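Dropping data_27.cif in here (mmCIF, N, CA and C atoms):
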```cif
data_final
loop_
_atom_site.label_atom_id
_atom_site.label_comp_id
_atom_site.auth_asym_id
_atom_site.auth_seq_id
_atom_site.Cartn_x
_atom_site.Cartn_y
_atom_site.Cartn_z
N MET Y 1 225.55 60.11 128.80
CA MET Y 1 224.79 61.34 128.82
C MET Y 1 224.40 61.74 130.24
N ASN Y 2 224.04 60.75 131.07
CA ASN Y 2 223.67 61.04 132.45
C ASN Y 2 224.81 61.69 133.22
N GLU Y 3 226.04 61.25 132.97
CA GLU Y 3 227.19 61.82 133.67
C GLU Y 3 227.35 63.30 133.33
N PHE Y 4 227.10 63.65 132.07
CA PHE Y 4 227.19 65.05 131.65
C PHE Y 4 226.16 65.90 132.39
N ILE Y 5 224.92 65.40 132.45
CA ILE Y 5 223.84 66.14 133.12
C ILE Y 5 224.11 66.25 134.62
N GLU Y 6 224.60 65.18 135.24
CA GLU Y 6 224.94 65.22 136.66
C GLU Y 6 226.02 66.26 136.93
N GLU Y 7 227.02 66.31 136.08
CA GLU Y 7 228.11 67.28 136.25
C GLU Y 7 227.61 68.70 136.06
N ARG Y 8 226.73 68.90 135.09
CA ARG Y 8 226.14 70.23 134.87
C ARG Y 8 225.35 70.67 136.09
N ALA Y 9 224.54 69.78 136.65
CA ALA Y 9 223.74 70.12 137.82
C ALA Y 9 224.65 70.49 138.99
N ARG Y 10 225.73 69.74 139.16
CA ARG Y 10 226.68 70.03 140.25
C ARG Y 10 227.33 71.40 140.04
N LEU Y 11 227.73 71.68 138.81
CA LEU Y 11 228.37 72.96 138.49
C LEU Y 11 227.40 74.13 138.70
N VAL Y 12 226.18 73.95 138.27
CA VAL Y 12 225.18 75.02 138.43
C VAL Y 12 224.94 75.30 139.92
N ARG Y 13 224.91 74.24 140.74
CA ARG Y 13 224.73 74.45 142.19
C ARG Y 13 225.93 75.16 142.81
N LEU Y 14 227.12 74.85 142.34
CA LEU Y 14 228.32 75.55 142.84
C LEU Y 14 228.26 77.03 142.48
N LEU Y 15 227.85 77.31 141.26
CA LEU Y 15 227.70 78.71 140.85
C LEU Y 15 226.63 79.42 141.67
N ALA Y 16 225.55 78.72 141.97
CA ALA Y 16 224.45 79.31 142.75
C ALA Y 16 224.92 79.70 144.15
N ASP Y 17 225.83 78.91 144.73
CA ASP Y 17 226.34 79.23 146.06
C ASP Y 17 227.06 80.58 146.10
N LYS Y 18 227.60 81.00 144.97
CA LYS Y 18 228.37 82.23 144.92
C LYS Y 18 227.62 83.39 144.28
N ALA Y 19 226.38 83.15 143.85
CA ALA Y 19 225.62 84.15 143.09
C ALA Y 19 224.79 85.05 144.01
N ASP Y 20 224.34 86.16 143.43
CA ASP Y 20 223.43 87.05 144.16
C ASP Y 20 222.08 86.33 144.30
N PRO Y 21 221.21 86.79 145.20
CA PRO Y 21 219.95 86.07 145.47
C PRO Y 21 219.08 85.83 144.23
N PHE Y 22 218.95 86.81 143.36
CA PHE Y 22 218.11 86.65 142.17
C PHE Y 22 218.66 85.56 141.26
N THR Y 23 219.95 85.63 140.99
CA THR Y 23 220.58 84.65 140.11
C THR Y 23 220.60 83.27 140.76
N LYS Y 24 220.77 83.23 142.07
CA LYS Y 24 220.80 81.96 142.79
C LYS Y 24 219.50 81.18 142.59
N VAL Y 25 218.36 81.88 142.70
CA VAL Y 25 217.07 81.23 142.50
C VAL Y 25 216.97 80.64 141.10
N ARG Y 26 217.39 81.39 140.11
CA ARG Y 26 217.31 80.92 138.73
C ARG Y 26 218.24 79.73 138.49
N LEU Y 27 219.44 79.78 139.06
CA LEU Y 27 220.37 78.67 138.89
C LEU Y 27 219.87 77.40 139.59
N LEU Y 28 219.29 77.56 140.76
CA LEU Y 28 218.77 76.38 141.46
C LEU Y 28 217.58 75.77 140.72
N LYS Y 29 216.78 76.60 140.08
CA LYS Y 29 215.69 76.07 139.25
C LYS Y 29 216.25 75.30 138.06
N LEU Y 30 217.33 75.81 137.49
CA LEU Y 30 217.98 75.12 136.38
C LEU Y 30 218.51 73.75 136.85
N ALA Y 31 219.12 73.73 138.02
CA ALA Y 31 219.62 72.47 138.56
C ALA Y 31 218.47 71.48 138.79
N GLU Y 32 217.32 71.99 139.22
CA GLU Y 32 216.15 71.12 139.39
C GLU Y 32 215.71 70.53 138.06
N ARG Y 33 215.80 71.32 137.00
CA ARG Y 33 215.43 70.80 135.67
C ARG Y 33 216.38 69.69 135.25
N TYR Y 34 217.66 69.84 135.57
CA TYR Y 34 218.61 68.76 135.29
C TYR Y 34 218.24 67.51 136.09
N ASP Y 35 217.87 67.70 137.36
CA ASP Y 35 217.44 66.57 138.19
C ASP Y 35 216.22 65.88 137.58
N ASP Y 36 215.30 66.68 137.05
CA ASP Y 36 214.11 66.11 136.41
C ASP Y 36 214.51 65.24 135.23
N GLN Y 37 215.48 65.68 134.45
CA GLN Y 37 215.93 64.90 133.30
C GLN Y 37 216.52 63.56 133.74
N LEU Y 38 217.14 63.56 134.91
CA LEU Y 38 217.74 62.33 135.43
C LEU Y 38 216.74 61.47 136.19
N GLY Y 39 215.55 62.01 136.43
CA GLY Y 39 214.54 61.27 137.18
C GLY Y 39 214.84 61.25 138.67
N LEU Y 40 215.56 62.25 139.18
CA LEU Y 40 215.94 62.26 140.59
C LEU Y 40 214.85 62.82 141.50
N ARG Y 41 213.92 63.56 140.92
CA ARG Y 41 212.83 64.12 141.72
C ARG Y 41 211.54 63.45 141.32
N SER Y 42 210.69 63.19 142.29
CA SER Y 42 209.41 62.56 141.99
C SER Y 42 208.44 63.59 141.43
N LYS Y 43 207.38 63.13 140.80
CA LYS Y 43 206.36 64.01 140.23
C LYS Y 43 205.72 64.85 141.33
N THR Y 44 205.52 64.28 142.50
CA THR Y 44 204.91 64.99 143.62
C THR Y 44 205.76 66.19 144.02
N VAL Y 45 207.07 66.01 144.09
CA VAL Y 45 207.96 67.11 144.48
C VAL Y 45 207.92 68.20 143.42
N ARG Y 46 207.88 67.85 142.16
CA ARG Y 46 207.85 68.85 141.09
C ARG Y 46 206.57 69.66 141.12
N GLN Y 47 205.45 69.04 141.52
CA GLN Y 47 204.16 69.73 141.51
C GLN Y 47 203.96 70.61 142.73
N SER Y 48 204.56 70.27 143.86
CA SER Y 48 204.31 71.04 145.07
C SER Y 48 205.25 72.24 145.13
N LYS Y 49 204.68 73.41 145.09
CA LYS Y 49 205.45 74.65 145.14
C LYS Y 49 205.55 75.18 146.56
N ILE Y 50 204.50 74.99 147.37
CA ILE Y 50 204.47 75.51 148.73
C ILE Y 50 204.35 74.33 149.70
N PRO Y 51 205.26 74.22 150.67
CA PRO Y 51 205.16 73.15 151.64
C PRO Y 51 203.85 73.26 152.43
N ILE Y 52 203.22 72.14 152.67
CA ILE Y 52 201.95 72.12 153.39
C ILE Y 52 202.22 72.01 154.89
N GLY Y 53 201.47 72.77 155.68
CA GLY Y 53 201.54 72.68 157.12
C GLY Y 53 202.60 73.56 157.78
N LEU Y 54 203.28 74.39 157.01
CA LEU Y 54 204.27 75.27 157.60
C LEU Y 54 203.61 76.58 158.02
N PRO Y 55 204.07 77.17 159.11
CA PRO Y 55 203.48 78.44 159.55
C PRO Y 55 203.76 79.56 158.55
N VAL Y 56 202.79 80.47 158.46
CA VAL Y 56 202.93 81.63 157.59
C VAL Y 56 203.01 82.85 158.48
N CYS Y 57 204.00 83.68 158.26
CA CYS Y 57 204.20 84.86 159.08
C CYS Y 57 203.68 86.09 158.34
N THR Y 58 202.79 86.84 158.99
CA THR Y 58 202.31 88.09 158.41
C THR Y 58 202.69 89.20 159.38
N GLU Y 59 203.08 90.32 158.83
CA GLU Y 59 203.52 91.43 159.66
C GLU Y 59 202.60 92.63 159.51
N ASN Y 60 202.30 93.27 160.61
CA ASN Y 60 201.59 94.53 160.61
C ASN Y 60 202.59 95.55 161.12
N LEU Y 61 203.29 96.19 160.19
CA LEU Y 61 204.39 97.08 160.57
C LEU Y 61 203.91 98.32 161.30
N SER Y 62 202.72 98.81 160.98
CA SER Y 62 202.24 100.03 161.64
C SER Y 62 201.99 99.79 163.12
N ALA Y 63 201.56 98.59 163.49
CA ALA Y 63 201.30 98.29 164.89
C ALA Y 63 202.48 97.60 165.56
N GLY Y 64 203.49 97.22 164.77
CA GLY Y 64 204.63 96.52 165.33
C GLY Y 64 204.31 95.10 165.76
N VAL Y 65 203.33 94.49 165.08
CA VAL Y 65 202.85 93.16 165.46
C VAL Y 65 203.20 92.16 164.38
N VAL Y 66 203.65 90.97 164.80
CA VAL Y 66 203.91 89.87 163.88
C VAL Y 66 202.99 88.73 164.29
N VAL Y 67 202.19 88.25 163.32
CA VAL Y 67 201.24 87.16 163.58
C VAL Y 67 201.71 85.93 162.81
N VAL Y 68 201.78 84.79 163.50
CA VAL Y 68 202.16 83.54 162.86
C VAL Y 68 200.94 82.65 162.80
N LYS Y 69 200.56 82.25 161.56
CA LYS Y 69 199.40 81.40 161.36
C LYS Y 69 199.87 80.07 160.82
N SER Y 70 199.24 79.00 161.23
CA SER Y 70 199.55 77.68 160.69
C SER Y 70 198.59 77.42 159.54
N THR Y 71 199.15 76.89 158.41
CA THR Y 71 198.31 76.61 157.25
C THR Y 71 197.69 75.26 157.34
#
```

Translate the structure of the given file into structure tokens.
Amino acid sequence: MNEFIEERARLVRLLADKADPFTKVRLLKLAERYDDQLGLRSKTVRQSKIPIGLPVCTENLSAGVVVVKST
């Protein structure tokens, strides 16, 4: 059964490489669910949606200013 799920995850990722951006996101999430079934991702990775400590870019288009803040 694990081989079937591994193959499905691989196929879904191949399809995602060729898909439009919206579909790509959905396919990659599906591949993550397959990884979860196989126990390939830790609980911590599944729970964290936003990386901690990465800069956040905010734009003020009217002033032509880009501000980068560290979280």

Quick one: pull the distance between atom C of Phe4 of chain Y and atom CA of Asp36 of chain Y, Å, one decimal.
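Result for atom C of Phe4 of chain Y versus atom CA of Asp36 of chain Y: 12.7 Å, one decimal.
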
From atom CA of Asn2 of chain Y to atom C of Leu40 of chain Y the spacing works out at 12.8 Å

Could you tell me how far atom C of Lys24 of chain Y lies from atom C of Val12 of chain Y, in Å and to one decimal?
8.4 Å

Exercise: Ala16 of chain Y partners within 8 Å, all atoms listed in the file, chain neighbours under 6 positions left out, as a list in words
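Answer for this query is Arg10, Thr23, Lys24, Val25, Arg26, Leu27 and Leu28 of chain Y.
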
Applying 10 Å and only C-alpha atoms, which residues near Ile5 of chain Y remain after dropping the ones on its own chain fewer than 3 positions away? List them as a short mmCIF file (atom, residue, chain, number, x, y, z; two decimals) with N, CA and C atoms, keeping the file's coordinate frame.
```cif
data_model
loop_
_atom_site.label_atom_id
_atom_site.label_comp_id
_atom_site.auth_asym_id
_atom_site.auth_seq_id
_atom_site.Cartn_x
_atom_site.Cartn_y
_atom_site.Cartn_z
N MET Y 1 225.55 60.11 128.80
CA MET Y 1 224.79 61.34 128.82
C MET Y 1 224.40 61.74 130.24
N ASN Y 2 224.04 60.75 131.07
CA ASN Y 2 223.67 61.04 132.45
C ASN Y 2 224.81 61.69 133.22
N ARG Y 8 226.73 68.90 135.09
CA ARG Y 8 226.14 70.23 134.87
C ARG Y 8 225.35 70.67 136.09
N ALA Y 9 224.54 69.78 136.65
CA ALA Y 9 223.74 70.12 137.82
C ALA Y 9 224.65 70.49 138.99
N ARG Y 10 225.73 69.74 139.16
CA ARG Y 10 226.68 70.03 140.25
C ARG Y 10 227.33 71.40 140.04
N LEU Y 11 227.73 71.68 138.81
CA LEU Y 11 228.37 72.96 138.49
C LEU Y 11 227.40 74.13 138.70
N ALA Y 31 219.12 73.73 138.02
CA ALA Y 31 219.62 72.47 138.56
C ALA Y 31 218.47 71.48 138.79
N ARG Y 33 215.80 71.32 137.00
CA ARG Y 33 215.43 70.80 135.67
C ARG Y 33 216.38 69.69 135.25
N TYR Y 34 217.66 69.84 135.57
CA TYR Y 34 218.61 68.76 135.29
C TYR Y 34 218.24 67.51 136.09
N ASP Y 35 217.87 67.70 137.36
CA ASP Y 35 217.44 66.57 138.19
C ASP Y 35 216.22 65.88 137.58
N GLN Y 37 215.48 65.68 134.45
CA GLN Y 37 215.93 64.90 133.30
C GLN Y 37 216.52 63.56 133.74
N LEU Y 38 217.14 63.56 134.91
CA LEU Y 38 217.74 62.33 135.43
C LEU Y 38 216.74 61.47 136.19
#
```

Grab segment 2-32 of chain Y from that structure and dump N, CA and C atoms to a file, as a short mmCIF file (atom, residue, chain, number, x, y, z; two decimals), in the first residue's frame.
```
data_model
loop_
_atom_site.label_atom_id
_atom_site.label_comp_id
_atom_site.auth_asym_id
_atom_site.auth_seq_id
_atom_site.Cartn_x
_atom_site.Cartn_y
_atom_site.Cartn_z
N ASN Y 2 1.98 1.23 0.74
CA ASN Y 2 2.86 2.40 0.78
C ASN Y 2 3.42 2.73 -0.60
N GLU Y 3 3.73 1.72 -1.39
CA GLU Y 3 4.28 1.96 -2.72
C GLU Y 3 3.26 2.68 -3.60
N PHE Y 4 1.99 2.31 -3.46
CA PHE Y 4 0.93 2.97 -4.23
C PHE Y 4 0.84 4.45 -3.85
N ILE Y 5 0.86 4.74 -2.55
CA ILE Y 5 0.76 6.13 -2.08
C ILE Y 5 1.99 6.92 -2.50
N GLU Y 6 3.17 6.33 -2.41
CA GLU Y 6 4.40 7.01 -2.86
C GLU Y 6 4.33 7.35 -4.33
N GLU Y 7 3.84 6.42 -5.14
CA GLU Y 7 3.73 6.65 -6.58
C GLU Y 7 2.71 7.75 -6.88
N ARG Y 8 1.60 7.73 -6.14
CA ARG Y 8 0.58 8.78 -6.32
C ARG Y 8 1.16 10.15 -5.99
N ALA Y 9 1.89 10.25 -4.88
CA ALA Y 9 2.48 11.53 -4.49
C ALA Y 9 3.45 12.01 -5.56
N ARG Y 10 4.25 11.10 -6.10
CA ARG Y 10 5.20 11.46 -7.16
C ARG Y 10 4.47 11.95 -8.40
N LEU Y 11 3.41 11.25 -8.78
CA LEU Y 11 2.62 11.63 -9.96
C LEU Y 11 1.95 12.99 -9.77
N VAL Y 12 1.40 13.21 -8.59
CA VAL Y 12 0.74 14.48 -8.31
C VAL Y 12 1.75 15.63 -8.39
N ARG Y 13 2.97 15.41 -7.89
CA ARG Y 13 4.00 16.46 -7.97
C ARG Y 13 4.42 16.72 -9.42
N LEU Y 14 4.48 15.68 -10.23
CA LEU Y 14 4.80 15.87 -11.65
C LEU Y 14 3.72 16.69 -12.34
N LEU Y 15 2.47 16.38 -12.03
CA LEU Y 15 1.36 17.16 -12.59
C LEU Y 15 1.41 18.60 -12.13
N ALA Y 16 1.77 18.82 -10.87
CA ALA Y 16 1.84 20.17 -10.32
C ALA Y 16 2.89 21.01 -11.05
N ASP Y 17 3.98 20.39 -11.46
CA ASP Y 17 5.03 21.12 -12.18
C ASP Y 17 4.52 21.71 -13.50
N LYS Y 18 3.50 21.09 -14.07
CA LYS Y 18 2.99 21.52 -15.37
C LYS Y 18 1.68 22.30 -15.27
N ALA Y 19 1.16 22.47 -14.06
CA ALA Y 19 -0.16 23.07 -13.87
C ALA Y 19 -0.08 24.59 -13.71
N ASP Y 20 -1.24 25.22 -13.86
CA ASP Y 20 -1.33 26.66 -13.61
C ASP Y 20 -1.16 26.90 -12.10
N PRO Y 21 -0.87 28.13 -11.68
CA PRO Y 21 -0.57 28.40 -10.26
C PRO Y 21 -1.66 27.94 -9.28
N PHE Y 22 -2.92 28.17 -9.60
CA PHE Y 22 -4.00 27.78 -8.70
C PHE Y 22 -4.04 26.26 -8.52
N THR Y 23 -4.00 25.55 -9.62
CA THR Y 23 -4.04 24.09 -9.58
C THR Y 23 -2.79 23.53 -8.93
N LYS Y 24 -1.65 24.16 -9.17
CA LYS Y 24 -0.39 23.71 -8.60
C LYS Y 24 -0.46 23.69 -7.07
N VAL Y 25 -0.99 24.75 -6.48
CA VAL Y 25 -1.12 24.82 -5.03
C VAL Y 25 -1.97 23.67 -4.52
N ARG Y 26 -3.08 23.41 -5.17
CA ARG Y 26 -3.99 22.34 -4.73
C ARG Y 26 -3.33 20.97 -4.88
N LEU Y 27 -2.61 20.76 -5.97
CA LEU Y 27 -1.94 19.47 -6.17
C LEU Y 27 -0.82 19.26 -5.15
N LEU Y 28 -0.08 20.31 -4.85
CA LEU Y 28 0.99 20.16 -3.85
C LEU Y 28 0.42 19.88 -2.46
N LYS Y 29 -0.73 20.46 -2.15
CA LYS Y 29 -1.38 20.15 -0.87
C LYS Y 29 -1.82 18.69 -0.84
N LEU Y 30 -2.30 18.20 -1.98
CA LEU Y 30 -2.69 16.79 -2.06
C LEU Y 30 -1.46 15.89 -1.85
N ALA Y 31 -0.35 16.25 -2.46
CA ALA Y 31 0.87 15.48 -2.28
C ALA Y 31 1.31 15.49 -0.81
N GLU Y 32 1.13 16.61 -0.14
CA GLU Y 32 1.45 16.68 1.29
C GLU Y 32 0.57 15.73 2.09
#
```
